[in-house]
Each structure stands twice: as structure tokens, then as C-alpha cells.
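For reference, work39.cif (mmCIF, C-alpha atoms, pLDDT in the B column; chains and numbers go by the auth columns):
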data_data
#
loop_
_atom_site.group_PDB
_atom_site.id
_atom_site.type_symbol
_atom_site.label_atom_id
_atom_site.label_comp_id
_atom_site.label_asym_id
_atom_site.label_seq_id
_atom_site.Cartn_x
_atom_site.Cartn_y
_atom_site.Cartn_z
_atom_site.B_iso_or_equiv
_atom_site.auth_seq_id
_atom_site.auth_asym_id
ATOM 1 C CA MET A 1 -11.239 -60.799 44.283 58.00 1 A
ATOM 2 C CA ASP A 2 -14.022 -59.266 42.282 69.00 2 A
ATOM 3 C CA VAL A 3 -16.879 -57.580 44.068 83.00 3 A
ATOM 4 C CA THR A 4 -19.673 -55.208 43.160 86.00 4 A
ATOM 5 C CA GLU A 5 -20.664 -51.987 44.878 89.00 5 A
ATOM 6 C CA GLU A 6 -23.976 -53.568 45.860 90.00 6 A
ATOM 7 C CA GLU A 7 -22.190 -56.467 47.552 90.00 7 A
ATOM 8 C CA LEU A 8 -19.952 -54.113 49.510 91.00 8 A
ATOM 9 C CA LEU A 9 -22.861 -51.915 50.586 93.00 9 A
ATOM 10 C CA GLN A 10 -24.359 -54.950 52.331 92.00 10 A
ATOM 11 C CA ILE A 11 -21.453 -54.904 54.799 91.00 11 A
ATOM 12 C CA LYS A 12 -22.153 -52.907 57.928 92.00 12 A
ATOM 13 C CA GLY A 13 -19.954 -49.795 58.077 93.00 13 A
ATOM 14 C CA ILE A 14 -19.211 -49.568 54.349 92.00 14 A
ATOM 15 C CA GLY A 15 -20.873 -46.687 52.543 94.00 15 A
ATOM 16 C CA LYS A 16 -20.882 -45.684 48.898 94.00 16 A
ATOM 17 C CA VAL A 17 -17.553 -43.790 49.021 94.00 17 A
ATOM 18 C CA LYS A 18 -15.699 -46.594 50.843 93.00 18 A
ATOM 19 C CA ALA A 19 -17.199 -49.185 48.493 92.00 19 A
ATOM 20 C CA ASN A 20 -15.913 -47.256 45.474 92.00 20 A
ATOM 21 C CA GLN A 21 -12.469 -46.919 47.085 92.00 21 A
ATOM 22 C CA ILE A 22 -12.310 -50.678 47.639 91.00 22 A
ATOM 23 C CA ILE A 23 -13.402 -51.372 44.060 89.00 23 A
ATOM 24 C CA ALA A 24 -10.783 -48.941 42.705 87.00 24 A
ATOM 25 C CA ALA A 25 -8.050 -50.574 44.819 86.00 25 A
ATOM 26 C CA LEU A 26 -9.052 -54.027 43.548 82.00 26 A
ATOM 27 C CA GLN A 27 -9.012 -52.813 39.943 78.00 27 A
ATOM 28 C CA LEU A 28 -5.503 -51.413 40.403 74.00 28 A
ATOM 29 C CA ALA A 29 -4.310 -54.652 41.970 69.00 29 A
ATOM 30 C CA ARG A 30 -5.729 -56.681 39.076 66.00 30 A
ATOM 31 C CA MET A 31 -3.904 -54.574 36.502 59.00 31 A
ATOM 32 C CA ASN A 32 -0.658 -56.296 37.442 57.00 32 A
ATOM 33 C CA PRO A 33 -1.401 -59.078 39.919 58.00 33 A
ATOM 34 C CA CYS A 34 1.866 -60.822 39.228 58.00 34 A
ATOM 35 C CA PRO A 35 4.637 -59.912 36.806 58.00 35 A
ATOM 36 C CA VAL A 36 4.438 -62.165 33.746 56.00 36 A
ATOM 37 C CA GLU A 37 7.918 -63.553 34.323 54.00 37 A
ATOM 38 C CA GLN A 38 6.833 -64.802 37.775 71.00 38 A
ATOM 39 C CA ARG A 39 3.691 -66.644 36.638 80.00 39 A
ATOM 40 C CA PHE A 40 3.855 -70.410 36.894 87.00 40 A
ATOM 41 C CA THR A 41 3.053 -72.151 33.596 91.00 41 A
ATOM 42 C CA ILE A 42 1.349 -75.544 33.474 90.00 42 A
ATOM 43 C CA ARG A 43 2.787 -77.615 30.616 88.00 43 A
ATOM 44 C CA SER A 44 2.007 -81.110 31.881 84.00 44 A
ATOM 45 C CA PRO A 45 0.196 -83.006 34.641 81.00 45 A
ATOM 46 C CA GLU A 46 3.502 -83.096 36.514 81.00 46 A
ATOM 47 C CA ASP A 47 3.591 -79.265 36.549 87.00 47 A
ATOM 48 C CA ALA A 48 0.109 -79.255 38.068 86.00 48 A
ATOM 49 C CA TYR A 49 1.270 -81.762 40.672 83.00 49 A
ATOM 50 C CA ASP A 50 4.321 -79.666 41.555 85.00 50 A
ATOM 51 C CA TYR A 51 2.222 -76.536 41.964 88.00 51 A
ATOM 52 C CA LEU A 52 -0.454 -78.260 44.041 87.00 52 A
ATOM 53 C CA ARG A 53 1.801 -80.644 45.983 84.00 53 A
ATOM 54 C CA ASP A 54 0.880 -79.033 49.314 83.00 54 A
ATOM 55 C CA MET A 55 -2.625 -80.507 48.986 82.00 55 A
ATOM 56 C CA MET A 56 -1.380 -83.969 49.916 77.00 56 A
ATOM 57 C CA TYR A 57 -0.865 -82.814 53.512 80.00 57 A
ATOM 58 C CA LEU A 58 -4.416 -81.582 54.058 82.00 58 A
ATOM 59 C CA ASP A 59 -6.526 -83.539 56.547 82.00 59 A
ATOM 60 C CA ARG A 60 -9.903 -82.682 54.980 84.00 60 A
ATOM 61 C CA GLU A 61 -11.048 -82.777 51.380 85.00 61 A
ATOM 62 C CA ASN A 62 -10.298 -79.492 49.659 85.00 62 A
ATOM 63 C CA PHE A 63 -11.497 -78.535 46.202 87.00 63 A
ATOM 64 C CA ILE A 64 -9.150 -76.029 44.573 90.00 64 A
ATOM 65 C CA CYS A 65 -9.458 -74.193 41.285 91.00 65 A
ATOM 66 C CA LEU A 66 -6.521 -72.791 39.302 93.00 66 A
ATOM 67 C CA GLY A 67 -7.545 -70.208 36.715 93.00 67 A
ATOM 68 C CA LEU A 68 -5.337 -70.205 33.605 93.00 68 A
ATOM 69 C CA ASN A 69 -4.880 -67.768 30.757 92.00 69 A
ATOM 70 C CA THR A 70 -4.484 -68.762 27.092 93.00 70 A
ATOM 71 C CA LYS A 71 -0.782 -69.537 27.691 92.00 71 A
ATOM 72 C CA ASN A 72 -1.608 -71.900 30.588 92.00 72 A
ATOM 73 C CA GLN A 73 -0.153 -69.465 33.098 92.00 73 A
ATOM 74 C CA ILE A 74 -1.771 -69.530 36.519 92.00 74 A
ATOM 75 C CA LEU A 75 -3.756 -66.361 37.157 90.00 75 A
ATOM 76 C CA PHE A 76 -5.109 -67.400 40.555 89.00 76 A
ATOM 77 C CA ARG A 77 -5.561 -70.243 43.016 90.00 77 A
ATOM 78 C CA GLU A 78 -8.839 -70.393 44.890 90.00 78 A
ATOM 79 C CA THR A 79 -10.032 -72.870 47.497 89.00 79 A
ATOM 80 C CA VAL A 80 -13.630 -73.264 46.402 89.00 80 A
ATOM 81 C CA PHE A 81 -14.772 -75.788 49.014 88.00 81 A
ATOM 82 C CA ILE A 82 -13.453 -77.417 52.163 86.00 82 A
ATOM 83 C CA GLY A 83 -15.214 -80.635 53.056 80.00 83 A
ATOM 84 C CA SER A 84 -15.000 -83.263 55.727 68.00 84 A
ATOM 85 C CA LEU A 85 -12.606 -86.157 56.065 58.00 85 A
ATOM 86 C CA ASN A 86 -14.181 -87.955 53.119 59.00 86 A
ATOM 87 C CA ALA A 87 -16.545 -85.554 51.330 59.00 87 A
ATOM 88 C CA SER A 88 -16.615 -82.194 49.625 60.00 88 A
ATOM 89 C CA VAL A 89 -19.758 -80.672 48.132 73.00 89 A
ATOM 90 C CA VAL A 90 -18.809 -79.084 44.821 82.00 90 A
ATOM 91 C CA HIS A 91 -21.158 -77.018 42.698 84.00 91 A
ATOM 92 C CA PRO A 92 -20.238 -75.761 39.211 89.00 92 A
ATOM 93 C CA ARG A 93 -21.781 -72.345 39.950 90.00 93 A
ATOM 94 C CA GLU A 94 -19.247 -71.640 42.701 89.00 94 A
ATOM 95 C CA THR A 95 -16.352 -72.975 40.654 90.00 95 A
ATOM 96 C CA PHE A 96 -17.150 -71.024 37.483 93.00 96 A
ATOM 97 C CA LYS A 97 -17.913 -67.799 39.353 91.00 97 A
ATOM 98 C CA HIS A 98 -14.192 -67.313 39.965 87.00 98 A
ATOM 99 C CA LEU A 99 -13.235 -68.307 36.415 92.00 99 A
ATOM 100 C CA VAL A 100 -15.724 -66.018 34.694 92.00 100 A
ATOM 101 C CA ARG A 101 -14.938 -63.020 36.886 88.00 101 A
ATOM 102 C CA ARG A 102 -11.263 -63.338 35.954 88.00 102 A
ATOM 103 C CA SER A 103 -11.836 -64.152 32.247 90.00 103 A
ATOM 104 C CA CYS A 104 -9.965 -67.459 32.364 93.00 104 A
ATOM 105 C CA ALA A 105 -9.413 -69.519 29.218 94.00 105 A
ATOM 106 C CA SER A 106 -9.145 -72.791 31.124 93.00 106 A
ATOM 107 C CA ALA A 107 -8.889 -74.187 34.608 92.00 107 A
ATOM 108 C CA ILE A 108 -7.389 -76.993 36.598 91.00 108 A
ATOM 109 C CA VAL A 109 -9.558 -78.231 39.421 90.00 109 A
ATOM 110 C CA ALA A 110 -8.104 -80.459 42.084 87.00 110 A
ATOM 111 C CA HIS A 111 -9.184 -82.180 45.225 84.00 111 A
ATOM 112 C CA ASN A 112 -7.376 -84.367 47.656 82.00 112 A
ATOM 113 C CA HIS A 113 -8.409 -87.696 49.170 80.00 113 A
ATOM 114 C CA PRO A 114 -7.135 -87.635 52.763 80.00 114 A
ATOM 115 C CA SER A 115 -7.874 -91.367 53.060 77.00 115 A
ATOM 116 C CA GLY A 116 -5.151 -92.090 50.495 75.00 116 A
ATOM 117 C CA ASP A 117 -7.596 -93.945 48.235 75.00 117 A
ATOM 118 C CA VAL A 118 -7.887 -92.028 44.956 73.00 118 A
ATOM 119 C CA THR A 119 -10.553 -94.317 43.545 77.00 119 A
ATOM 120 C CA PRO A 120 -13.176 -91.839 42.355 78.00 120 A
ATOM 121 C CA SER A 121 -16.489 -91.980 44.170 79.00 121 A
ATOM 122 C CA MET A 122 -19.792 -91.685 42.303 84.00 122 A
ATOM 123 C CA GLU A 123 -19.931 -88.074 43.494 83.00 123 A
ATOM 124 C CA ASP A 124 -16.437 -87.460 42.046 81.00 124 A
ATOM 125 C CA ILE A 125 -17.567 -88.882 38.708 83.00 125 A
ATOM 126 C CA ASN A 126 -20.790 -86.835 38.701 86.00 126 A
ATOM 127 C CA VAL A 127 -19.017 -83.600 39.645 85.00 127 A
ATOM 128 C CA THR A 128 -16.398 -84.196 36.942 84.00 128 A
ATOM 129 C CA LYS A 129 -19.144 -84.649 34.344 86.00 129 A
ATOM 130 C CA ARG A 130 -21.044 -81.568 35.525 89.00 130 A
ATOM 131 C CA LEU A 131 -17.924 -79.399 35.510 90.00 131 A
ATOM 132 C CA GLY A 132 -16.961 -80.678 32.053 87.00 132 A
ATOM 133 C CA GLU A 133 -20.430 -79.984 30.656 90.00 133 A
ATOM 134 C CA ALA A 134 -20.566 -76.517 32.193 91.00 134 A
ATOM 135 C CA GLY A 135 -17.064 -75.778 30.912 90.00 135 A
ATOM 136 C CA LYS A 136 -17.959 -76.788 27.373 91.00 136 A
ATOM 137 C CA MET A 137 -21.048 -74.612 27.480 92.00 137 A
ATOM 138 C CA MET A 138 -19.051 -71.625 28.740 91.00 138 A
ATOM 139 C CA GLY A 139 -15.941 -72.174 26.609 92.00 139 A
ATOM 140 C CA ILE A 140 -13.677 -72.856 29.587 92.00 140 A
ATOM 141 C CA GLU A 141 -11.643 -76.078 29.384 89.00 141 A
ATOM 142 C CA ILE A 142 -11.593 -77.991 32.664 87.00 142 A
ATOM 143 C CA ASN A 143 -8.769 -80.347 33.718 84.00 143 A
ATOM 144 C CA ILE A 144 -9.062 -82.583 36.780 77.00 144 A
ATOM 145 C CA VAL A 145 -6.344 -83.502 39.329 71.00 145 A
ATOM 146 C CA ARG A 146 -6.850 -85.934 42.232 63.00 146 A
ATOM 147 C CA PHE A 147 -4.352 -86.310 45.076 58.00 147 A
ATOM 148 C CA GLN A 148 -3.763 -88.959 47.658 54.00 148 A
ATOM 149 C CA ASN A 149 -1.911 -88.105 50.834 47.00 149 A
ATOM 150 C CA TRP A 150 0.981 -90.500 50.683 36.00 150 A
ATOM 151 C CA CYS A 151 2.283 -90.864 47.142 38.00 151 A
ATOM 152 C CA TYR A 152 2.320 -89.477 43.613 39.00 152 A
ATOM 153 C CA PRO A 153 -1.125 -88.322 42.466 41.00 153 A
ATOM 154 C CA THR A 154 -3.426 -89.708 39.856 41.00 154 A
ATOM 155 C CA VAL A 155 -3.754 -86.975 37.248 41.00 155 A
ATOM 156 C CA ASN A 156 -6.440 -86.953 34.586 45.00 156 A
ATOM 157 C CA PHE A 157 -6.622 -84.193 32.012 43.00 157 A
ATOM 158 C CA SER A 158 -10.067 -84.377 30.466 44.00 158 A
ATOM 159 C CA ASP A 159 -11.224 -82.973 27.138 42.00 159 A
#
Re-express the file's structure as C-alpha cells.
Amino acid sequence: MDVTEEELLQIKGIGKVKANQIIAALQLARMNPCPVEQRFTIRSPEDAYDYLRDMMYLDRENFICLGLNTKNQILFRETVFIGSLNASVVHPRETFKHLVRRSCASAIVAHNHPSGDVTPSMEDINVTKRLGEAGKMMGIEINIVRFQNWCYPTVNFSD
């Protein structure tokens, strides 16, 4: 989590000293969030599936972002949006906020289809295009993963 002093000061009960303590604690935690030997590396679509397999059991659409470093090691997993049974409103701003704050080289974004039908909707297609365009502009490669609840996922790694 990355937060500014100004954001923390908006929370009732947090003053300047406490805000700086929280920021310092977060900076220390980020220095070694996970030992390198314990980071999961994505080498193929199947690796992404294995890491995100738990998504197939979700009963609402979830849009998840995995931030990767230059060696395709997962730096973080963030649930960006939780939608309804058949919809999830995804905005590039919210997705890239997490990636930029953590200086990610690339990302894997994934969402499940609780209905079991992984046929992309028009919204899926539009969001994929918008994320791809924003990623190209920002220098962050975006890969897309779609899950269905009852069998192996459809995995598309886009350029």
C-alpha cells in the first residue's frame, strides 16, 4: 500500500506524527515485501492460471491485477474491482494506480465469469483495448486472463 501524508491526514484521529509513522512503517515493509526466493514467477499462461486458480470459485465478477517486475516475478496481487454476478466496472486509472505506485514493468489482469461463459462481452473487449492502450502509453505491458468457474480458463496474452 502506498499512501501520502495528505491522504492519511484526511482520516479522523490521524495527525501529522501518526501519519509519518505509518508512512515510515510502509516504507520499511516495502524494502523487503517478500524474499526473492519466495516470489512466484510467471513463465507461461499456465503459471498465471495456477496462481489465480482460486478465482474460479468466486460468485461475483472480480477484476484482479498482478504487478510484475522485469523478471516476471509477482510483486503484488490487488483486487481492483468487485462487480455483480455478470458485470464489473473497470477503469484504467484505478488499475494503473497500483502499478505505477509500485514501479511495475508489466501486469497480468484477470477477471472471472461466474456464469461459466468466457465469451468476451463488448465491455470486456473495450476494457481490454483501453488497458492495452494505456499500458503502451505508460510503458507497462498488460496481459489478460479470463476464467470460467467450471473448467480450465481461456488465457490470452496480448501484446
Shell around Phe96 in chain A at 10 Å using all atoms listed in the file, local window under 2 positions removed, as a list in words
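Residues near the query, excluding close chain neighbours: Cys65, Gly67, Val80, His91, Pro92, Arg93, Glu94, His98, Leu99, Val100, Arg101, Arg102, Cys104, Ala107, Leu131, Ala134, Gly135, Met138 and Ile140 of chain A.
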Any idea what the distance is between CA of Ile74 in chain A and CA of Glu7 in chain A?
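Atom-to-atom, CA of Ile74 in chain A to CA of Glu7 in chain A, that is 26.6 Å.
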Separation of CA of Val89 in chain A from CA of Asp50 in chain A, in Å and rounded to one decimal
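Taking CA of Val89 in chain A as the start and CA of Asp50 in chain A as the end point, the length is 25.0 Å.
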What does the PyMOL selection byres ((chain A and resi 63) around 7) select in this file, as a list in words?
Glu61, Asn62, Ile64, Cys65, Thr79, Val80, Phe81, Ile82, Ala110 and His111 of chain A
List the residues sitting within 6 Å of (-9.1, -77.5, 32.3) in the file's frame, using only C-alpha atoms, as a count of residues only.
6
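The residue that comes closest to Ala48 in chain A, out of A:Leu28, A:Ala19, A:Val109, A:Leu9 and on the basis of all atoms listed in the file, is A:Val109.
Coordinates place CA of Ile22 in chain A at a distance of 13.6 Å from CA of Gln10 in chain A.
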Within 9 Å of Leu75 in chain A, counting only C-alpha atoms, which residues qualify if same-chain residues fewer than 6 places away don't, as a ChimeraX atom specification?
/A:33-34,39-40,66-69,102,104
Nearest-residue call for Arg43 in chain A, choices A:Leu8, A:Glu133, A:Leu58, A:Asn72, using all atoms listed in the file:
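Ranked by minimum distance to Arg43 in chain A, first place goes to A:Asn72.
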Residue neighbourhood Lys18 in chain A, 12 Å, all atoms listed in the file, exclusion window fewer than 4 positions, as JSON, numbers by chain:
{"A": [5, 6, 8, 9, 11, 12, 13, 14, 22, 23, 24, 25]}
Of the candidates A:Gln73, A:Arg60, A:Gln27, A:Thr4, which one gets nearest to Asp47 in chain A if we count only C-alpha atoms?
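Among the listed residues, the smallest separation from Asp47 in chain A belongs to A:Gln73.
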